[in-house]
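Participant: Structure incoming, see below.
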Amino acid sequence: MNPTLRPALWCAGFIAVGVLVGTGTFPLVFTPVMYVLLLAFAVCVCGVLYKKYRYAPVFFFVLFLTLGMWRGAARMEPSATVMHPGVQDFYGLVLDTEGWTAGGNQRVVVRVFHARHDNESLRLMVYLRPHLPTVTIGQSIQLTGEILPLERAQNPGGYDAFLHLGTQKIDGILWPIHVEAGEVQTNFFTLTRQARNAMAAVFDEVLPLREAGVIRSMVLGDRDDLNRDLVEIYRVAGIRHVLSISGMHVTILTLFVNALLGKVLNPRRAGLATLAIMVVYCLMTGAAIATVRAVSMGAVLVFARVLYRDYDLLTTISWAFIGLLVWEPLMIYNVGFQLSFSAVYGIAILTAPLERLFARIKMPAYGKIRNGLAVSCAAAFSTYIVFAFHFYEIPLYSIVANVLLLPFMLALLVMGVVTALVGLVWLPAATIPAGVVYFILRLYETVSRFFGSLPHALVPTGGGSIPVAAASVAVLLTFAYVMHGFGPQIKKRLPLLLFATAALLGAIYVQNFPPRVQTTHLHTPGAYTITRHHAQAAITGTGRGGERDLERYLNRRNIRRADSLTLTEWPRPGDATRLAPLMPRIHTLYLPAPQRPLPTQLQRAVEENGVRVVFMELF
């Protein structure tokens, strides 16, 4: 087999396409004929690969395409219990607590069975109102209520409960009308969560609330007490990923634990012990996608050492990718899943080409510095695609911020873990490592504030465009292909990069300046309709609600300032609170014939932003 083939990478690509087809992302392939044509095309691709590499197992790649379609289609089928509405009785076990909503409702994940026939278990997101009992992890519970199915997004870029909660294996939502809480059952899972709560209490005791919330999120995956203003500061600077347990966190902790165990155990036993510890850590912190991915990669690394096989990053990440999609196909739509894998794939594919580019332009840097910069750029450029697609903007200075702050991450995580473990034994002694944690977090905040204050810290891009995302991936892959060559090869391949770049610019232009008239109706109380043509955009609605959905749509289409907003009903005082934030993005406001003075808040927003007001007669 040619080592450049990397079968795991191709299997990952085939199963990803199969999941997208099976879940309905490509609606044209719903018919049996289109399924057959897709399989035939896959066989042709495998034939081309066989002709090039002379590796017969390439034809098994089609099985991964079929597996992806089957798992994706099966995941889209709702549970029979969820499909039958009505108040029902359930009993089950509390698996996790997800904090509290703004209305004071406790949000918990419960594994339930039907009271009459317990042959089908469901995983539900349960909202317990303030007058109902509060429950804890591992507690048995009886519920009475009606299961609500997970809703799909009604508007472009809107919240999709099915895709978001589906990645957590949630089958439905329950607002119970009656709850009976039972005894707490002690098992391995509940013990790990109790350990997490005890470690979180140590952070609360030895650190200020602001810093305790950050380190709890970084080390334990507990985001309940994260300061929202601080999260925004980190987001603008492009280092928000450090606030969650990412693959980088797990990798650092894995290497640290493995180094400690390696001093008393041989490499094999140290690797297996490290893997066991990291699996427990993964369960204790909630088994986030990035954590599971990193632990999966660690498992592959350990087994590679046991079997005396070479470790290949692309192969390892591909098997982790395949395993997660087989377990939960909807993960392919999860933003965290996409960010995690895009960063690692980017590092694996783009680091060497970027180092060659830096060498060609004679960048004055030592090898390790050049490699670190190449890794940061590779991860940033790869994740920019996901940021633009889902968040409609990219943090411009994230590369520099990450390069400056990354060297402190090892000390921060290690001292965070040491603080928690020492605090469980003797709390006063934990204040020493906690001091290191405090000063590093203050440094993070200071640097983040600096980069966030720079002009154009966040560059609006628009998003949600599959052609733009595909063209962006093509540019990165073409760049990697071009820079893997030497001398004359680069000059020969360079036109491919220019062509891919031109295709990306064309896709961006079409996204922002559609050549034909586009009309979008939003499902909101305000009944907003947006009409776009070239650089012009006109909005019409009643102004009775849904302004956040409207703003989200404007961001998605990168409409920074609409030509007009036409309100068919006179704004009320309560409407002004929602309409005023829109005024910086409106050139002309059309209103019905004056009936009464404009609400004060809306009038002030109109004057401050220089919005032209035109009154019209409606017949």
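Here's how to read the names in the structure tokens: chain A, B, ... by the order shown, residue numbers from 1 in each chain, ligand numbers from 1 in the order shown.
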Going by DSSP on the backbone, which bits of range 164-218 of chain A are strand (DSSP E or B)? Write them as a ChimeraX atom specification, please.
Facilitator: /A:172-174,178-184
Participant: Using only C-alpha atoms, which residues sit within 9 Å of range 139-143 of chain A once same-chain residues fewer than 5 positions away are excluded, as a list of chain:residue names?
Facilitator: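 Counting only the stated atoms, we get A:Gln88, A:Asp89, A:Phe90, A:Tyr91, A:Gly92, A:Leu93, A:Val94, A:Leu95, A:Val110, A:Val112, A:Ala115, A:Leu174, A:Pro176, A:Ile177, A:His178, A:Val179, A:Glu180, A:Ala181, A:Gly182, A:Glu183, A:Val184, A:Gln185, A:Thr186.
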Participant: Once you count only C-alpha atoms, what closest atom pair and distance in Å to one decimal does each residue of range 157-266 of chain A within 10 Å of range 316-329 of chain A have, with rows by chain and rising residue number, as a Markdown table?
Facilitator:
| residue | atom | partner | partner_atom | distance |
| --- | --- | --- | --- | --- |
| A:Gly166 | CA | A:Glu328 | CA | 8.4 |
| A:Thr167 | CA | A:Glu328 | CA | 6.5 |
| A:Gln168 | CA | A:Glu328 | CA | 8.4 |
| A:Lys169 | CA | A:Glu328 | CA | 7.5 |
Participant: When DSSP is applied to the backbone of this structure, which of range 233-395 of chain A are assigned alpha helix (DSSP H)? Write them out as an NGL selection string.
Facilitator: :A and (233-237 or 247-261 or 267-284 or 289-306 or 313-327 or 335-360 or 367-391)
Participant: Mind checking which residues fall within 6 Å of range 338-355 of chain A, counting only C-alpha atoms, ignoring those fewer than 5 positions away in the same chain, and posting them as a PDB file with N, CA, C and O atoms, in the first residue's frame?
Facilitator:
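Okay, around-v8.pdb is ready:
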ATOM      1  N   ALA A 290     -14.790  17.765  22.166  1.00  0.00           N
ATOM      2  CA  ALA A 290     -13.346  17.910  22.029  1.00  0.00           C
ATOM      3  C   ALA A 290     -12.599  16.982  22.979  1.00  0.00           C
ATOM      4  O   ALA A 290     -11.545  16.433  22.630  1.00  0.00           O
ATOM      5  N   ALA A 374       3.665  28.351  12.673  1.00  0.00           N
ATOM      6  CA  ALA A 374       2.992  27.593  11.616  1.00  0.00           C
ATOM      7  C   ALA A 374       1.811  26.805  12.176  1.00  0.00           C
ATOM      8  O   ALA A 374       0.743  26.750  11.557  1.00  0.00           O
ATOM      9  N   VAL A 375       1.989  26.209  13.349  1.00  0.00           N
ATOM     10  CA  VAL A 375       0.887  25.456  13.969  1.00  0.00           C
ATOM     11  C   VAL A 375      -0.273  26.392  14.300  1.00  0.00           C
ATOM     12  O   VAL A 375      -1.445  26.077  14.038  1.00  0.00           O
ATOM     13  N   ALA A 378      -1.992  27.448  11.089  1.00  0.00           N
ATOM     14  CA  ALA A 378      -2.743  26.336  10.503  1.00  0.00           C
ATOM     15  C   ALA A 378      -4.074  26.132  11.225  1.00  0.00           C
ATOM     16  O   ALA A 378      -5.128  25.973  10.591  1.00  0.00           O
ATOM     17  N   ALA A 379      -4.043  26.139  12.562  1.00  0.00           N
ATOM     18  CA  ALA A 379      -5.275  25.962  13.332  1.00  0.00           C
ATOM     19  C   ALA A 379      -6.218  27.136  13.115  1.00  0.00           C
ATOM     20  O   ALA A 379      -7.435  26.955  12.962  1.00  0.00           O
ATOM     21  N   SER A 382      -7.846  27.202   9.543  1.00  0.00           N
ATOM     22  CA  SER A 382      -8.831  26.126   9.401  1.00  0.00           C
ATOM     23  C   SER A 382     -10.120  26.442  10.155  1.00  0.00           C
ATOM     24  O   SER A 382     -11.223  26.181   9.652  1.00  0.00           O
ATOM     25  N   THR A 383      -9.983  26.989  11.352  1.00  0.00           N
ATOM     26  CA  THR A 383     -11.183  27.282  12.145  1.00  0.00           C
ATOM     27  C   THR A 383     -11.868  28.559  11.685  1.00  0.00           C
ATOM     28  O   THR A 383     -13.045  28.758  11.987  1.00  0.00           O
ATOM     29  N   ALA A 480      -1.817  23.666   0.455  1.00  0.00           N
ATOM     30  CA  ALA A 480      -1.004  22.572   0.983  1.00  0.00           C
ATOM     31  C   ALA A 480      -0.379  21.769  -0.153  1.00  0.00           C
ATOM     32  O   ALA A 480       0.797  21.379  -0.084  1.00  0.00           O
ATOM     33  N   MET A 483       2.498  23.951  -1.787  1.00  0.00           N
ATOM     34  CA  MET A 483       3.690  24.157  -0.964  1.00  0.00           C
ATOM     35  C   MET A 483       4.359  22.859  -0.553  1.00  0.00           C
ATOM     36  O   MET A 483       5.433  22.883   0.046  1.00  0.00           O
ATOM     37  N   HIS A 484       3.755  21.704  -0.856  1.00  0.00           N
ATOM     38  CA  HIS A 484       4.449  20.439  -0.625  1.00  0.00           C
ATOM     39  C   HIS A 484       5.452  20.155  -1.736  1.00  0.00           C
ATOM     40  O   HIS A 484       6.204  19.186  -1.664  1.00  0.00           O
TER      41      HIS A 484
END
Participant: Excluding Ala73 in chain A and residues on its chain fewer than 3 positions from it, collect all residues at most 9 Å away from it, counting only C-alpha atoms, and give them as a list in words.
Facilitator: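 The residues satisfying every condition are Val19, Val21, Gly22, Thr23, Gly24, Gly68, Met69, Trp70, Met76 and Glu77 of chain A.
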Participant: Kindly save the residues from that selection, with N, CA, C and O atoms included, as a short mmCIF file (atom, residue, chain, number, x, y, z; two decimals), in the first residue's frame.
Facilitator:
data_model
loop_
_atom_site.label_atom_id
_atom_site.label_comp_id
_atom_site.auth_asym_id
_atom_site.auth_seq_id
_atom_site.Cartn_x
_atom_site.Cartn_y
_atom_site.Cartn_z
N VAL A 19 -23.31 10.44 6.02
CA VAL A 19 -24.13 11.03 7.08
C VAL A 19 -24.89 12.24 6.56
O VAL A 19 -26.08 12.43 6.84
N VAL A 21 -25.83 12.84 3.55
CA VAL A 21 -26.91 12.36 2.67
C VAL A 21 -28.04 11.75 3.49
O VAL A 21 -29.22 12.04 3.27
N GLY A 22 -27.70 10.90 4.45
CA GLY A 22 -28.72 10.21 5.24
C GLY A 22 -29.55 11.15 6.09
O GLY A 22 -30.74 10.90 6.32
N THR A 23 -28.96 12.25 6.56
CA THR A 23 -29.69 13.20 7.40
C THR A 23 -30.43 14.26 6.58
O THR A 23 -31.10 15.12 7.14
N GLY A 24 -30.28 14.21 5.25
CA GLY A 24 -31.09 15.09 4.40
C GLY A 24 -30.46 16.41 4.06
O GLY A 24 -31.15 17.32 3.60
N GLY A 68 -22.64 5.43 6.75
CA GLY A 68 -23.01 6.80 7.09
C GLY A 68 -24.45 7.11 6.71
O GLY A 68 -25.18 7.75 7.48
N MET A 69 -24.89 6.68 5.51
CA MET A 69 -26.27 6.92 5.09
C MET A 69 -27.25 6.20 6.01
O MET A 69 -28.29 6.77 6.40
N TRP A 70 -26.92 4.96 6.39
CA TRP A 70 -27.82 4.20 7.26
C TRP A 70 -27.92 4.83 8.65
O TRP A 70 -29.01 5.01 9.18
N MET A 76 -32.53 10.22 12.14
CA MET A 76 -33.58 11.20 11.87
C MET A 76 -34.96 10.68 12.23
O MET A 76 -35.92 11.46 12.26
N GLU A 77 -35.08 9.39 12.52
CA GLU A 77 -36.37 8.82 12.89
C GLU A 77 -36.65 9.10 14.36
O GLU A 77 -35.87 8.70 15.23
#
Participant: Give me the residues within 12 Å of Leu209 in chain A as a PyMOL selection string, counting only C-alpha atoms and dropping any in the same chain fewer than 5 places off.
Facilitator: chain A and resi 200-204+214-216+224-227+438
Participant: Export N, CA, C and O atoms of the chosen residues as a PDB file, in the first residue's frame?
Facilitator:
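Final output, saved to result26.pdb:
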ATOM      1  N   ALA A 200     -14.600  21.721  42.247  1.00  0.00           N
ATOM      2  CA  ALA A 200     -15.126  23.050  41.943  1.00  0.00           C
ATOM      3  C   ALA A 200     -15.262  23.884  43.219  1.00  0.00           C
ATOM      4  O   ALA A 200     -14.999  25.102  43.217  1.00  0.00           O
ATOM      5  N   ALA A 201     -15.654  23.240  44.311  1.00  0.00           N
ATOM      6  CA  ALA A 201     -15.773  23.962  45.584  1.00  0.00           C
ATOM      7  C   ALA A 201     -14.418  24.483  46.063  1.00  0.00           C
ATOM      8  O   ALA A 201     -14.333  25.547  46.681  1.00  0.00           O
ATOM      9  N   VAL A 202     -13.349  23.741  45.756  1.00  0.00           N
ATOM     10  CA  VAL A 202     -12.003  24.207  46.129  1.00  0.00           C
ATOM     11  C   VAL A 202     -11.674  25.498  45.394  1.00  0.00           C
ATOM     12  O   VAL A 202     -11.176  26.463  45.995  1.00  0.00           O
ATOM     13  N   PHE A 203     -11.946  25.551  44.102  1.00  0.00           N
ATOM     14  CA  PHE A 203     -11.686  26.774  43.337  1.00  0.00           C
ATOM     15  C   PHE A 203     -12.478  27.954  43.892  1.00  0.00           C
ATOM     16  O   PHE A 203     -11.971  29.084  43.958  1.00  0.00           O
ATOM     17  N   ASP A 204     -13.729  27.694  44.275  1.00  0.00           N
ATOM     18  CA  ASP A 204     -14.558  28.776  44.818  1.00  0.00           C
ATOM     19  C   ASP A 204     -14.001  29.316  46.135  1.00  0.00           C
ATOM     20  O   ASP A 204     -14.177  30.501  46.457  1.00  0.00           O
ATOM     21  N   VAL A 214     -13.605  30.874  35.592  1.00  0.00           N
ATOM     22  CA  VAL A 214     -12.796  30.577  34.409  1.00  0.00           C
ATOM     23  C   VAL A 214     -12.061  29.254  34.576  1.00  0.00           C
ATOM     24  O   VAL A 214     -12.090  28.391  33.689  1.00  0.00           O
ATOM     25  N   ILE A 215     -11.371  29.060  35.704  1.00  0.00           N
ATOM     26  CA  ILE A 215     -10.581  27.845  35.877  1.00  0.00           C
ATOM     27  C   ILE A 215     -11.492  26.624  36.035  1.00  0.00           C
ATOM     28  O   ILE A 215     -11.127  25.504  35.633  1.00  0.00           O
ATOM     29  N   ARG A 216     -12.669  26.807  36.591  1.00  0.00           N
ATOM     30  CA  ARG A 216     -13.624  25.692  36.651  1.00  0.00           C
ATOM     31  C   ARG A 216     -14.032  25.263  35.251  1.00  0.00           C
ATOM     32  O   ARG A 216     -14.170  24.066  34.968  1.00  0.00           O
ATOM     33  N   ASP A 224     -21.151  27.099  34.586  1.00  0.00           N
ATOM     34  CA  ASP A 224     -22.314  27.751  35.190  1.00  0.00           C
ATOM     35  C   ASP A 224     -22.006  29.160  35.679  1.00  0.00           C
ATOM     36  O   ASP A 224     -22.859  30.053  35.587  1.00  0.00           O
ATOM     37  N   ASP A 225     -20.799  29.390  36.210  1.00  0.00           N
ATOM     38  CA  ASP A 225     -20.480  30.683  36.815  1.00  0.00           C
ATOM     39  C   ASP A 225     -19.536  31.523  35.961  1.00  0.00           C
ATOM     40  O   ASP A 225     -18.868  32.422  36.476  1.00  0.00           O
ATOM     41  N   LEU A 226     -19.463  31.248  34.670  1.00  0.00           N
ATOM     42  CA  LEU A 226     -18.610  32.044  33.799  1.00  0.00           C
ATOM     43  C   LEU A 226     -19.181  33.456  33.658  1.00  0.00           C
ATOM     44  O   LEU A 226     -20.373  33.633  33.409  1.00  0.00           O
ATOM     45  N   ASN A 227     -18.328  34.459  33.810  1.00  0.00           N
ATOM     46  CA  ASN A 227     -18.739  35.840  33.646  1.00  0.00           C
ATOM     47  C   ASN A 227     -18.971  36.136  32.167  1.00  0.00           C
ATOM     48  O   ASN A 227     -18.084  35.931  31.330  1.00  0.00           O
ATOM     49  N   TYR A 438      -4.183  32.552  39.461  1.00  0.00           N
ATOM     50  CA  TYR A 438      -4.774  33.893  39.453  1.00  0.00           C
ATOM     51  C   TYR A 438      -3.986  34.847  38.563  1.00  0.00           C
ATOM     52  O   TYR A 438      -4.563  35.557  37.730  1.00  0.00           O
TER      53      TYR A 438
END
Participant: Closest to Thr25 in chain A among A:Gly72, A:Asn609, A:Arg123, A:Asn258, using only C-alpha atoms?
Facilitator: A:Gly72
Participant: Looking at A:Val482, A:Val135, A:Val414, A:Val231, which one is nearest to Leu255 in chain A, with distances taken over only C-alpha atoms?
Facilitator: A:Val414
Participant: If we count only C-alpha atoms, what is near Tyr281 in chain A at a cut-off of 12 Å, once residues fewer than 4 positions away on the same chain are taken out, given as a PyMOL selection string?
Facilitator: chain A and resi 189+191-193+195-196+219-221+245+249-250+253-254+257+274-277+285-288+291-292+294-295+417
Participant: Restrict the selected residues to N, CA, C and O atoms and save them as a JSON list (two decimals), in the first residue's frame.
Facilitator:
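Now in result14.json:
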[["chain", "number", "residue", "atom", "x", "y", "z"],
["A", 189, "PHE", "N", -20.39, 6.67, 37.71],
["A", 189, "PHE", "CA", -20.65, 7.95, 37.06],
["A", 189, "PHE", "C", -20.96, 9.04, 38.08],
["A", 189, "PHE", "O", -20.43, 10.15, 38.02],
["A", 191, "LEU", "N", -20.11, 9.09, 41.17],
["A", 191, "LEU", "CA", -18.92, 9.36, 41.96],
["A", 191, "LEU", "C", -17.99, 10.35, 41.25],
["A", 191, "LEU", "O", -17.40, 11.24, 41.88],
["A", 192, "THR", "N", -17.85, 10.20, 39.93],
["A", 192, "THR", "CA", -17.00, 11.13, 39.19],
["A", 192, "THR", "C", -17.57, 12.54, 39.22],
["A", 192, "THR", "O", -16.83, 13.51, 39.35],
["A", 193, "ARG", "N", -18.89, 12.66, 39.12],
["A", 193, "ARG", "CA", -19.50, 13.98, 39.17],
["A", 193, "ARG", "C", -19.40, 14.60, 40.57],
["A", 193, "ARG", "O", -19.24, 15.81, 40.71],
["A", 195, "ALA", "N", -16.96, 14.06, 42.57],
["A", 195, "ALA", "CA", -15.56, 14.50, 42.66],
["A", 195, "ALA", "C", -15.39, 15.84, 41.96],
["A", 195, "ALA", "O", -14.67, 16.73, 42.45],
["A", 196, "ARG", "N", -16.04, 16.02, 40.81],
["A", 196, "ARG", "CA", -15.96, 17.29, 40.10],
["A", 196, "ARG", "C", -16.54, 18.42, 40.95],
["A", 196, "ARG", "O", -15.97, 19.52, 41.03],
["A", 219, "VAL", "N", -10.76, 23.51, 33.54],
["A", 219, "VAL", "CA", -10.29, 22.24, 34.09],
["A", 219, "VAL", "C", -11.41, 21.23, 34.26],
["A", 219, "VAL", "O", -11.22, 20.03, 34.04],
["A", 220, "LEU", "N", -12.61, 21.69, 34.64],
["A", 220, "LEU", "CA", -13.70, 20.78, 34.99],
["A", 220, "LEU", "C", -14.87, 20.80, 34.01],
["A", 220, "LEU", "O", -15.79, 20.01, 34.14],
["A", 221, "GLY", "N", -14.85, 21.73, 33.06],
["A", 221, "GLY", "CA", -15.97, 21.81, 32.12],
["A", 221, "GLY", "C", -17.23, 22.37, 32.73],
["A", 221, "GLY", "O", -18.32, 22.22, 32.16],
["A", 245, "ILE", "N", -12.97, 22.74, 27.71],
["A", 245, "ILE", "CA", -11.98, 21.66, 27.70],
["A", 245, "ILE", "C", -11.79, 21.23, 26.25],
["A", 245, "ILE", "O", -12.53, 20.39, 25.74],
["A", 249, "HIS", "N", -6.27, 21.26, 25.73],
["A", 249, "HIS", "CA", -6.21, 21.04, 27.18],
["A", 249, "HIS", "C", -5.92, 19.58, 27.49],
["A", 249, "HIS", "O", -5.05, 19.26, 28.31],
["A", 250, "VAL", "N", -6.66, 18.70, 26.84],
["A", 250, "VAL", "CA", -6.52, 17.27, 27.11],
["A", 250, "VAL", "C", -5.13, 16.79, 26.71],
["A", 250, "VAL", "O", -4.51, 15.98, 27.41],
["A", 253, "LEU", "N", -2.63, 17.94, 29.40],
["A", 253, "LEU", "CA", -2.76, 17.15, 30.61],
["A", 253, "LEU", "C", -2.31, 15.71, 30.39],
["A", 253, "LEU", "O", -1.69, 15.09, 31.27],
["A", 254, "THR", "N", -2.60, 15.16, 29.20],
["A", 254, "THR", "CA", -2.19, 13.79, 28.90],
["A", 254, "THR", "C", -0.67, 13.67, 28.90],
["A", 254, "THR", "O", -0.10, 12.73, 29.48],
["A", 257, "VAL", "N", 0.59, 13.94, 32.58],
["A", 257, "VAL", "CA", 0.36, 12.72, 33.36],
["A", 257, "VAL", "C", 1.25, 11.59, 32.87],
["A", 257, "VAL", "O", 1.83, 10.84, 33.67],
["A", 274, "THR", "N", -2.17, 6.19, 31.73],
["A", 274, "THR", "CA", -2.56, 7.55, 31.33],
["A", 274, "THR", "C", -3.90, 7.54, 30.64],
["A", 274, "THR", "O", -4.76, 8.41, 30.90],
["A", 275, "LEU", "N", -4.10, 6.58, 29.75],
["A", 275, "LEU", "CA", -5.37, 6.49, 29.03],
["A", 275, "LEU", "C", -6.53, 6.25, 30.00],
["A", 275, "LEU", "O", -7.59, 6.86, 29.88],
["A", 276, "ALA", "N", -6.34, 5.37, 30.97],
["A", 276, "ALA", "CA", -7.40, 5.10, 31.95],
["A", 276, "ALA", "C", -7.74, 6.36, 32.74],
["A", 276, "ALA", "O", -8.91, 6.67, 32.98],
["A", 277, "ILE", "N", -6.71, 7.09, 33.15],
["A", 277, "ILE", "CA", -6.94, 8.33, 33.90],
["A", 277, "ILE", "C", -7.69, 9.34, 33.06],
["A", 277, "ILE", "O", -8.62, 10.01, 33.54],
["A", 285, "THR", "N", -15.76, 15.32, 33.48],
["A", 285, "THR", "CA", -15.96, 16.67, 32.97],
["A", 285, "THR", "C", -17.12, 16.77, 31.99],
["A", 285, "THR", "O", -17.31, 17.83, 31.39],
["A", 286, "GLY", "N", -17.89, 15.70, 31.83],
["A", 286, "GLY", "CA", -19.07, 15.78, 30.99],
["A", 286, "GLY", "C", -18.93, 15.23, 29.59],
["A", 286, "GLY", "O", -19.86, 15.31, 28.79],
["A", 287, "ALA", "N", -17.77, 14.67, 29.26],
["A", 287, "ALA", "CA", -17.55, 14.05, 27.95],
["A", 287, "ALA", "C", -17.91, 14.98, 26.80],
["A", 287, "ALA", "O", -18.70, 14.65, 25.91],
["A", 288, "ALA", "N", -17.32, 16.18, 26.82],
["A", 288, "ALA", "CA", -17.51, 17.11, 25.72],
["A", 288, "ALA", "C", -16.89, 16.55, 24.45],
["A", 288, "ALA", "O", -16.02, 15.67, 24.50],
["A", 291, "THR", "N", -13.15, 16.78, 24.18],
["A", 291, "THR", "CA", -12.51, 15.89, 25.14],
["A", 291, "THR", "C", -12.55, 14.46, 24.65],
["A", 291, "THR", "O", -11.54, 13.73, 24.72],
["A", 292, "VAL", "N", -13.70, 14.02, 24.16],
["A", 292, "VAL", "CA", -13.83, 12.66, 23.64],
["A", 292, "VAL", "C", -12.90, 12.46, 22.45],
["A", 292, "VAL", "O", -12.24, 11.43, 22.31],
["A", 294, "ALA", "N", -10.06, 14.06, 21.80],
["A", 294, "ALA", "CA", -8.67, 14.00, 22.23],
["A", 294, "ALA", "C", -8.35, 12.68, 22.93],
["A", 294, "ALA", "O", -7.29, 12.09, 22.72],
["A", 295, "VAL", "N", -9.28, 12.21, 23.77],
["A", 295, "VAL", "CA", -9.06, 10.93, 24.46],
["A", 295, "VAL", "C", -9.05, 9.79, 23.44],
["A", 295, "VAL", "O", -8.26, 8.84, 23.57],
["A", 417, "VAL", "N", -5.04, 21.95, 38.16],
["A", 417, "VAL", "CA", -5.27, 20.59, 38.66],
["A", 417, "VAL", "C", -4.64, 20.41, 40.03],
["A", 417, "VAL", "O", -5.25, 19.81, 40.94]]
Participant: Using only C-alpha atoms for the distances, tell me which of A:Leu150, A:Leu283, A:Gly336, A:Val418 is nearest to Ser244 in chain A.
Facilitator: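 Using only C-alpha atoms, the shortest distance to Ser244 in chain A belongs to A:Gly336.
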Participant: Could you check the closest approach to Ala411 in chain A for each of A:Pro584, A:Gly435, A:Pro488, A:Gly610 and tell me which residue wins, using only C-alpha atoms?
Facilitator: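 Between A:Pro584, A:Gly435, A:Pro488, A:Gly610, the residue approaching Ala411 in chain A most closely is A:Gly435.
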Participant: Would you kindly return, as a PyMOL selection string, each protein, DNA or RNA residue with an atom no farther than 9 Å from any atom of Leu63 in chain A, considering only C-alpha atoms and excluding same-chain residues fewer than 6 positions away?
Facilitator: chain A and resi 11+14-15
Participant: With only C-alpha atoms as the atoms that count, which of A:Ile173, A:Cys282, A:Ala576, A:Gly158 lies nearest to Tyr127 in chain A?
Facilitator: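 Checking each candidate against Tyr127 in chain A, we get A:Ile173 as the closest.
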Participant: What separation in Å, quoted to one decimal, exists between CA of Pro156 in chain A and CA of Gly526 in chain A?
Facilitator: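 Between CA of Pro156 in chain A and CA of Gly526 in chain A the gap works out to 15.6 Å.
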Participant: Tell me which of A:Thr542, A:Gln601, A:Gln154, A:Thr144 sits closest to Trp570 in chain A, counting only C-alpha atoms.
Facilitator: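 The answer is A:Thr542, which sits nearest to Trp570 in chain A.
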